[in-house]
Amino acid sequence: MDGCVYVVIVNYNGMKYLEEFMDSLERQTYKNFKVIFVDSCSPDGSGNWFEEKYPQHETFLQNSNVGFAKGCNIGIQYARQSGADYVLLLNIDTVLEENLLEELVKYSRGEAVTTPKIYSTRDKVNIWYGGGSIDYEKGSNVHFHDERLESRSVSPIHNVSFASGCCMLIPAIVLQKVGSLDEKFYMYFDDVDMSVRFKKAHVRIYYVSSTSLWHKVGGSYDGIRNILTEYYFTRNKLYFIKKHRDVMKVSCHKAAWEILRQKVFKAGPNDKKYVPYILRGIFDFYFNRLYKSSCKF
């Protein structure tokens, strides 16, 4: 089933990735796509650069860093209003295989969410995502870092319970059913939340092993990535568990205690600098400080 794909990109200081990323996007064998570029007030000027360099695409320049979830929703809303058949959420620090769009659309058939194999190295040696699942015992997600799914079947598509937000093709009919991303997450865990919502809505997620991309993991956050990760992963994991407590096998309190036990009480010399951000993540969750952080990073 063919259809128009709206590629939604949320950018923050991604200048160093843009040209290689766009080159790989423009080499796609599937040509029926449009780009929606949402810039979160990037200090490096990449938003204005993209708008001037690619006037054929849609650019939305924000006055502040709105976060990944809200940035995606800005693009999703425009795509749906413009009659998109599919929305592809895609990280900017990636390089795509030429058949990526073609394969994702082909196996979606207008009804399933599709996601590709994702490598963390350019030489396609290390698999960052080879399918994934939701761990309801711990309230998080699991990436498969090998080819276990391909070894079980000759089919290039595999039913999974978790799709990475790094690259996720969503049919418009699915968005109509499940809605957009939850902006309370701001960044991180929004894709885990979406995956559970897909399951609740009886929408299939297919891992498509016949195509791939290279993801420069964490590249967008540079030196402050670990601080951001520790804070948002802590806060958002607890919010995720609370939101889906009807299917979770762990409580927020038990998960918070486990985070304290593993990451605070057992913190080594190299980890102690992250402890204040982990504690603030727990604190902000319990005081309902969601969507935007109260931290000053």
# chains A, B, ... in the order shown; residues from 1 in each chain; ligands from 1
>>> residues_around(residues="Met194 in chain A", least_positions_apart="6", cutoff="10 Å", atoms="only C-alpha atoms", output="MDAnalysis selection string")
chainID A and resid 162:165 178:182 200
>>> write_last_selection(atoms="N, CA, C and O atoms", output="mmCIF file, in the first residue's frame")
data_model
loop_
_atom_site.group_PDB
_atom_site.id
_atom_site.type_symbol
_atom_site.label_atom_id
_atom_site.label_comp_id
_atom_site.auth_asym_id
_atom_site.auth_seq_id
_atom_site.Cartn_x
_atom_site.Cartn_y
_atom_site.Cartn_z
ATOM 1 N N PHE A 162 7.895 -3.505 21.479
ATOM 2 C CA PHE A 162 8.488 -2.181 21.660
ATOM 3 C C PHE A 162 9.115 -1.695 20.365
ATOM 4 O O PHE A 162 9.895 -2.402 19.731
ATOM 5 N N ALA A 163 8.768 -0.462 19.963
ATOM 6 C CA ALA A 163 9.372 0.196 18.805
ATOM 7 C C ALA A 163 10.148 1.413 19.277
ATOM 8 O O ALA A 163 9.639 2.207 20.077
ATOM 9 N N SER A 164 11.365 1.556 18.801
ATOM 10 C CA SER A 164 12.194 2.683 19.219
ATOM 11 C C SER A 164 11.748 3.976 18.546
ATOM 12 O O SER A 164 11.506 4.020 17.348
ATOM 13 N N GLY A 165 11.675 5.055 19.347
ATOM 14 C CA GLY A 165 11.337 6.369 18.800
ATOM 15 C C GLY A 165 12.412 6.936 17.918
ATOM 16 O O GLY A 165 12.195 7.953 17.251
ATOM 17 N N VAL A 178 -4.866 6.073 18.603
ATOM 18 C CA VAL A 178 -4.146 6.122 19.886
ATOM 19 C C VAL A 178 -3.742 7.538 20.301
ATOM 20 O O VAL A 178 -3.373 7.760 21.455
ATOM 21 N N GLY A 179 -3.791 8.497 19.371
ATOM 22 C CA GLY A 179 -3.382 9.853 19.702
ATOM 23 C C GLY A 179 -1.887 10.073 19.537
ATOM 24 O O GLY A 179 -1.145 9.185 19.096
ATOM 25 N N SER A 180 -1.431 11.263 19.892
ATOM 26 C CA SER A 180 -0.032 11.648 19.721
ATOM 27 C C SER A 180 0.791 11.291 20.956
ATOM 28 O O SER A 180 0.305 10.620 21.874
ATOM 29 N N LEU A 181 2.031 11.772 21.005
ATOM 30 C CA LEU A 181 2.905 11.485 22.132
ATOM 31 C C LEU A 181 2.446 12.237 23.377
ATOM 32 O O LEU A 181 1.862 13.311 23.287
ATOM 33 N N ASP A 182 2.740 11.676 24.523
ATOM 34 C CA ASP A 182 2.410 12.292 25.806
ATOM 35 C C ASP A 182 3.502 13.307 26.141
ATOM 36 O O ASP A 182 4.641 12.943 26.436
ATOM 37 N N LYS A 200 -2.474 -1.762 23.702
ATOM 38 C CA LYS A 200 -3.820 -1.623 24.266
ATOM 39 C C LYS A 200 -4.869 -1.381 23.182
ATOM 40 O O LYS A 200 -6.033 -1.736 23.338
#
>>> residues_around(residues="Trp128 in chain A", least_positions_apart="6", cutoff="10 Å", atoms="only C-alpha atoms", output="list of chain:residue names")
A:Lys117, A:Ile118, A:Tyr119, A:Ser120, A:Thr121, A:His143, A:Phe144, A:His145, A:Asp146, A:Trp214, A:His215, A:Val217
>>> residues_around(residues="Tyr231 in chain A", least_positions_apart="6", cutoff="9 Å", atoms="only C-alpha atoms", output="list in words")
Tyr274, Pro276, Tyr277, Ile278, Leu279, Arg280, Gly281, Ile282, Ser293 and Cys295 of chain A
>>> write_last_selection(atoms="N, CA and C atoms", output="PDB file, in the first residue's frame")
ATOM      1  N   TYR A 274      25.934  12.092  39.475  1.00  0.00           N
ATOM      2  CA  TYR A 274      24.587  11.954  38.919  1.00  0.00           C
ATOM      3  C   TYR A 274      23.520  11.797  39.991  1.00  0.00           C
ATOM      4  N   PRO A 276      22.431  13.686  42.515  1.00  0.00           N
ATOM      5  CA  PRO A 276      21.451  14.774  42.706  1.00  0.00           C
ATOM      6  C   PRO A 276      20.364  14.804  41.632  1.00  0.00           C
ATOM      7  N   TYR A 277      20.708  14.411  40.401  1.00  0.00           N
ATOM      8  CA  TYR A 277      19.733  14.430  39.310  1.00  0.00           C
ATOM      9  C   TYR A 277      18.776  13.250  39.400  1.00  0.00           C
ATOM     10  N   ILE A 278      19.280  12.118  39.894  1.00  0.00           N
ATOM     11  CA  ILE A 278      18.406  10.967  40.134  1.00  0.00           C
ATOM     12  C   ILE A 278      17.416  11.284  41.246  1.00  0.00           C
ATOM     13  N   LEU A 279      17.919  11.875  42.320  1.00  0.00           N
ATOM     14  CA  LEU A 279      17.041  12.250  43.436  1.00  0.00           C
ATOM     15  C   LEU A 279      16.015  13.291  43.001  1.00  0.00           C
ATOM     16  N   ARG A 280      16.444  14.263  42.189  1.00  0.00           N
ATOM     17  CA  ARG A 280      15.505  15.268  41.709  1.00  0.00           C
ATOM     18  C   ARG A 280      14.456  14.647  40.795  1.00  0.00           C
ATOM     19  N   GLY A 281      14.845  13.627  40.020  1.00  0.00           N
ATOM     20  CA  GLY A 281      13.876  12.922  39.182  1.00  0.00           C
ATOM     21  C   GLY A 281      12.788  12.271  40.002  1.00  0.00           C
ATOM     22  N   ILE A 282      13.181  11.621  41.109  1.00  0.00           N
ATOM     23  CA  ILE A 282      12.200  10.995  42.005  1.00  0.00           C
ATOM     24  C   ILE A 282      11.338  12.072  42.664  1.00  0.00           C
ATOM     25  N   SER A 293      11.264  20.202  33.132  1.00  0.00           N
ATOM     26  CA  SER A 293      12.073  19.939  34.315  1.00  0.00           C
ATOM     27  C   SER A 293      12.172  21.187  35.187  1.00  0.00           C
ATOM     28  N   CYS A 295      14.773  21.266  37.064  1.00  0.00           N
ATOM     29  CA  CYS A 295      16.218  21.317  37.232  1.00  0.00           C
ATOM     30  C   CYS A 295      16.832  22.383  36.333  1.00  0.00           C
TER      31      CYS A 295
END
>>> residues_around(residues="range 53-69 of chain A", least_positions_apart="6", cutoff="7 Å", atoms="only C-alpha atoms", output="NGL selection string")
:A and (10 or 34-41 or 47 or 181-183 or 185-187 or 190)
>>> select_by_dssp(residues="range 40-275 of chain A", states="helix (DSSP H, G or I)", output="PyMOL selection string")
chain A and resi 46-53+68-81+100-108+148-152+172-178+183-185+190-200+219-243+252-265+272-275
>>> closest_residue(among="A:Ala172, A:Leu88, A:Leu96, A:Met248", to="Thr29 in chain A", atoms="only C-alpha atoms")
A:Leu96
>>> closest_residue(among="A:Thr94, A:Thr115, A:Asn99, A:Ser108", to="Tyr129 in chain A", atoms="only C-alpha atoms")
A:Thr115
>>> select_by_dssp(residues="range 103-234 of chain A", states="strand (DSSP E or B)", output="VMD selection string")
chain A and resid 113 to 119 127 to 129 132 to 135 140 to 143 157 to 160 167 to 171 205 to 215
>>> write_last_selection(atoms="N, CA and C atoms", output="mmCIF file, in the first residue's frame")
data_model
loop_
_atom_site.group_PDB
_atom_site.id
_atom_site.type_symbol
_atom_site.label_atom_id
_atom_site.label_comp_id
_atom_site.auth_asym_id
_atom_site.auth_seq_id
_atom_site.Cartn_x
_atom_site.Cartn_y
_atom_site.Cartn_z
ATOM 1 N N VAL A 113 2.487 -0.489 12.887
ATOM 2 C CA VAL A 113 3.659 0.347 13.150
ATOM 3 C C VAL A 113 4.894 -0.460 12.759
ATOM 4 N N THR A 114 5.845 0.174 12.081
ATOM 5 C CA THR A 114 7.054 -0.537 11.667
ATOM 6 C C THR A 114 8.295 0.222 12.121
ATOM 7 N N THR A 115 9.350 -0.533 12.396
ATOM 8 C CA THR A 115 10.612 0.030 12.874
ATOM 9 C C THR A 115 11.752 -0.849 12.369
ATOM 10 N N PRO A 116 12.909 -0.277 11.995
ATOM 11 C CA PRO A 116 13.968 -1.059 11.364
ATOM 12 C C PRO A 116 15.043 -1.539 12.330
ATOM 13 N N LYS A 117 15.996 -2.270 11.793
ATOM 14 C CA LYS A 117 17.197 -2.617 12.542
ATOM 15 C C LYS A 117 18.036 -1.342 12.694
ATOM 16 N N ILE A 118 18.575 -1.141 13.882
ATOM 17 C CA ILE A 118 19.345 0.076 14.148
ATOM 18 C C ILE A 118 20.734 -0.302 14.643
ATOM 19 N N TYR A 119 21.757 0.176 13.925
ATOM 20 C CA TYR A 119 23.143 -0.069 14.309
ATOM 21 C C TYR A 119 23.705 1.125 15.061
ATOM 22 N N ILE A 127 24.663 -3.992 16.848
ATOM 23 C CA ILE A 127 23.229 -3.738 16.763
ATOM 24 C C ILE A 127 22.766 -3.041 18.047
ATOM 25 N N TRP A 128 22.204 -1.852 17.894
ATOM 26 C CA TRP A 128 21.657 -1.110 19.032
ATOM 27 C C TRP A 128 20.210 -1.518 19.295
ATOM 28 N N TYR A 129 19.477 -1.770 18.206
ATOM 29 C CA TYR A 129 18.096 -2.230 18.313
ATOM 30 C C TYR A 129 17.848 -3.278 17.242
ATOM 31 N N GLY A 132 12.572 -5.370 20.088
ATOM 32 C CA GLY A 132 12.551 -5.042 21.510
ATOM 33 C C GLY A 132 11.250 -5.459 22.156
ATOM 34 N N SER A 133 11.213 -5.344 23.477
ATOM 35 C CA SER A 133 10.026 -5.748 24.224
ATOM 36 C C SER A 133 9.815 -4.827 25.422
ATOM 37 N N ILE A 134 8.630 -4.890 25.993
ATOM 38 C CA ILE A 134 8.301 -4.179 27.213
ATOM 39 C C ILE A 134 8.488 -5.133 28.393
ATOM 40 N N ASP A 135 9.217 -4.685 29.398
ATOM 41 C CA ASP A 135 9.410 -5.473 30.613
ATOM 42 C C ASP A 135 8.412 -4.968 31.657
ATOM 43 N N SER A 140 9.950 -0.999 32.166
ATOM 44 C CA SER A 140 10.858 -0.366 31.209
ATOM 45 C C SER A 140 10.843 -1.163 29.903
ATOM 46 N N ASN A 141 11.767 -0.834 29.020
ATOM 47 C CA ASN A 141 11.852 -1.522 27.735
ATOM 48 C C ASN A 141 13.172 -2.263 27.609
ATOM 49 N N VAL A 142 13.206 -3.199 26.671
ATOM 50 C CA VAL A 142 14.407 -3.987 26.410
ATOM 51 C C VAL A 142 14.722 -3.914 24.918
ATOM 52 N N HIS A 143 15.991 -3.629 24.592
ATOM 53 C CA HIS A 143 16.471 -3.709 23.212
ATOM 54 C C HIS A 143 17.146 -5.059 23.010
ATOM 55 N N ILE A 157 9.873 -9.638 8.707
ATOM 56 C CA ILE A 157 9.114 -8.897 9.710
ATOM 57 C C ILE A 157 8.883 -9.776 10.938
ATOM 58 N N HIS A 158 8.918 -9.118 12.095
ATOM 59 C CA HIS A 158 8.836 -9.846 13.354
ATOM 60 C C HIS A 158 7.968 -9.040 14.313
ATOM 61 N N ASN A 159 7.003 -9.707 14.904
ATOM 62 C CA ASN A 159 6.106 -9.054 15.844
ATOM 63 C C ASN A 159 6.844 -8.751 17.139
ATOM 64 N N VAL A 160 6.871 -7.483 17.549
ATOM 65 C CA VAL A 160 7.541 -7.095 18.787
ATOM 66 C C VAL A 160 6.592 -6.223 19.609
ATOM 67 N N CYS A 167 13.303 5.640 15.195
ATOM 68 C CA CYS A 167 12.737 5.492 13.855
ATOM 69 C C CYS A 167 11.472 4.639 13.969
ATOM 70 N N MET A 168 10.331 5.316 13.845
ATOM 71 C CA MET A 168 9.051 4.642 14.043
ATOM 72 C C MET A 168 8.051 5.145 13.002
ATOM 73 N N LEU A 169 7.617 4.262 12.093
ATOM 74 C CA LEU A 169 6.613 4.620 11.089
ATOM 75 C C LEU A 169 5.224 4.293 11.630
ATOM 76 N N ILE A 170 4.366 5.322 11.690
ATOM 77 C CA ILE A 170 3.023 5.154 12.258
ATOM 78 C C ILE A 170 1.979 5.536 11.209
ATOM 79 N N PRO A 171 1.104 4.632 10.830
ATOM 80 C CA PRO A 171 0.022 4.984 9.898
ATOM 81 C C PRO A 171 -0.894 6.037 10.509
ATOM 82 N N ILE A 205 3.100 -4.087 16.110
ATOM 83 C CA ILE A 205 4.389 -3.445 15.864
ATOM 84 C C ILE A 205 5.271 -4.472 15.171
ATOM 85 N N TYR A 206 5.772 -4.117 13.979
ATOM 86 C CA TYR A 206 6.651 -5.012 13.239
ATOM 87 C C TYR A 206 8.074 -4.464 13.219
ATOM 88 N N TYR A 207 8.991 -5.294 13.672
ATOM 89 C CA TYR A 207 10.416 -5.030 13.480
ATOM 90 C C TYR A 207 10.779 -5.538 12.093
ATOM 91 N N VAL A 208 11.280 -4.646 11.236
ATOM 92 C CA VAL A 208 11.594 -4.988 9.844
ATOM 93 C C VAL A 208 13.110 -5.137 9.714
ATOM 94 N N SER A 209 13.572 -6.378 9.593
ATOM 95 C CA SER A 209 15.015 -6.641 9.583
ATOM 96 C C SER A 209 15.648 -6.491 8.202
ATOM 97 N N SER A 210 14.818 -6.213 7.183
ATOM 98 C CA SER A 210 15.347 -6.090 5.816
ATOM 99 C C SER A 210 15.840 -4.680 5.499
ATOM 100 N N THR A 211 15.806 -3.791 6.483
ATOM 101 C CA THR A 211 16.336 -2.441 6.283
ATOM 102 C C THR A 211 16.914 -1.960 7.603
ATOM 103 N N SER A 212 17.708 -0.887 7.532
ATOM 104 C CA SER A 212 18.404 -0.455 8.744
ATOM 105 C C SER A 212 18.811 1.002 8.654
ATOM 106 N N LEU A 213 19.300 1.503 9.783
ATOM 107 C CA LEU A 213 19.943 2.810 9.807
ATOM 108 C C LEU A 213 21.067 2.770 10.828
ATOM 109 N N TRP A 214 21.933 3.770 10.731
ATOM 110 C CA TRP A 214 23.024 3.931 11.688
ATOM 111 C C TRP A 214 22.669 5.083 12.611
ATOM 112 N N HIS A 215 22.628 4.817 13.896
ATOM 113 C CA HIS A 215 22.248 5.815 14.895
ATOM 114 C C HIS A 215 23.483 6.206 15.707
#
>>> residues_around(residues="range 239-245 of chain A", least_positions_apart="6", cutoff="7 Å", atoms="only C-alpha atoms", output="number ranges by chain")
A: 139, 193, 251-252, 285
>>> write_last_selection(atoms="all heavy atoms", output="PDB file, in the first residue's frame")
ATOM      1  N   GLY A 139       9.015  -2.284  34.527  1.00  0.00           N
ATOM      2  CA  GLY A 139       8.469  -1.016  34.069  1.00  0.00           C
ATOM      3  C   GLY A 139       9.397  -0.277  33.132  1.00  0.00           C
ATOM      4  O   GLY A 139       9.602   0.935  33.265  1.00  0.00           O
ATOM      5  N   ASP A 193       5.960   4.431  26.191  1.00  0.00           N
ATOM      6  CA  ASP A 193       4.541   4.720  26.431  1.00  0.00           C
ATOM      7  C   ASP A 193       3.710   4.453  25.180  1.00  0.00           C
ATOM      8  O   ASP A 193       2.647   3.814  25.250  1.00  0.00           O
ATOM      9  CB  ASP A 193       4.399   6.177  26.871  1.00  0.00           C
ATOM     10  CG  ASP A 193       2.949   6.646  26.920  1.00  0.00           C
ATOM     11  OD1 ASP A 193       2.161   6.072  27.689  1.00  0.00           O
ATOM     12  OD2 ASP A 193       2.612   7.575  26.161  1.00  0.00           O
ATOM     13  N   SER A 251       5.068  -1.572  41.239  1.00  0.00           N
ATOM     14  CA  SER A 251       4.481  -0.303  41.667  1.00  0.00           C
ATOM     15  C   SER A 251       5.508   0.824  41.543  1.00  0.00           C
ATOM     16  O   SER A 251       6.717   0.577  41.487  1.00  0.00           O
ATOM     17  CB  SER A 251       4.013  -0.400  43.113  1.00  0.00           C
ATOM     18  OG  SER A 251       5.127  -0.502  43.991  1.00  0.00           O
ATOM     19  N   CYS A 252       5.031   2.044  41.539  1.00  0.00           N
ATOM     20  CA  CYS A 252       5.924   3.213  41.495  1.00  0.00           C
ATOM     21  C   CYS A 252       6.850   3.222  42.705  1.00  0.00           C
ATOM     22  O   CYS A 252       8.040   3.505  42.584  1.00  0.00           O
ATOM     23  CB  CYS A 252       5.123   4.507  41.468  1.00  0.00           C
ATOM     24  SG  CYS A 252       4.071   4.689  40.041  1.00  0.00           S
ATOM     25  N   PHE A 285       8.820  13.629  40.256  1.00  0.00           N
ATOM     26  CA  PHE A 285       7.706  12.724  39.968  1.00  0.00           C
ATOM     27  C   PHE A 285       6.660  12.785  41.075  1.00  0.00           C
ATOM     28  O   PHE A 285       5.462  12.958  40.819  1.00  0.00           O
ATOM     29  CB  PHE A 285       8.190  11.289  39.784  1.00  0.00           C
ATOM     30  CG  PHE A 285       7.067  10.289  39.864  1.00  0.00           C
ATOM     31  CD1 PHE A 285       6.148  10.180  38.836  1.00  0.00           C
ATOM     32  CD2 PHE A 285       6.906   9.495  41.002  1.00  0.00           C
ATOM     33  CE1 PHE A 285       5.081   9.284  38.927  1.00  0.00           C
ATOM     34  CE2 PHE A 285       5.852   8.604  41.097  1.00  0.00           C
ATOM     35  CZ  PHE A 285       4.938   8.501  40.052  1.00  0.00           C
TER      36      PHE A 285
END
>>> residues_around(residues="Ala201 in chain A", least_positions_apart="3", cutoff="8 Å", atoms="only C-alpha atoms", output="PyMOL selection string")
chain A and resi 177-178+197-198
>>> write_last_selection(atoms="C-alpha atoms", output="compact mmCIF listing (two decimals), in the first residue's frame")
# COMPACT_ATOMS: atom_id res chain seq x y z
CA LYS A 177 -6.86 5.65 17.23
CA VAL A 178 -4.15 6.12 19.89
CA ARG A 197 -0.67 2.28 23.94
CA PHE A 198 -0.34 0.48 20.58
>>> atom_distance(atom1="CA of Tyr17 in chain A", atom2="CA of Pro43 in chain A")
14.8 Å
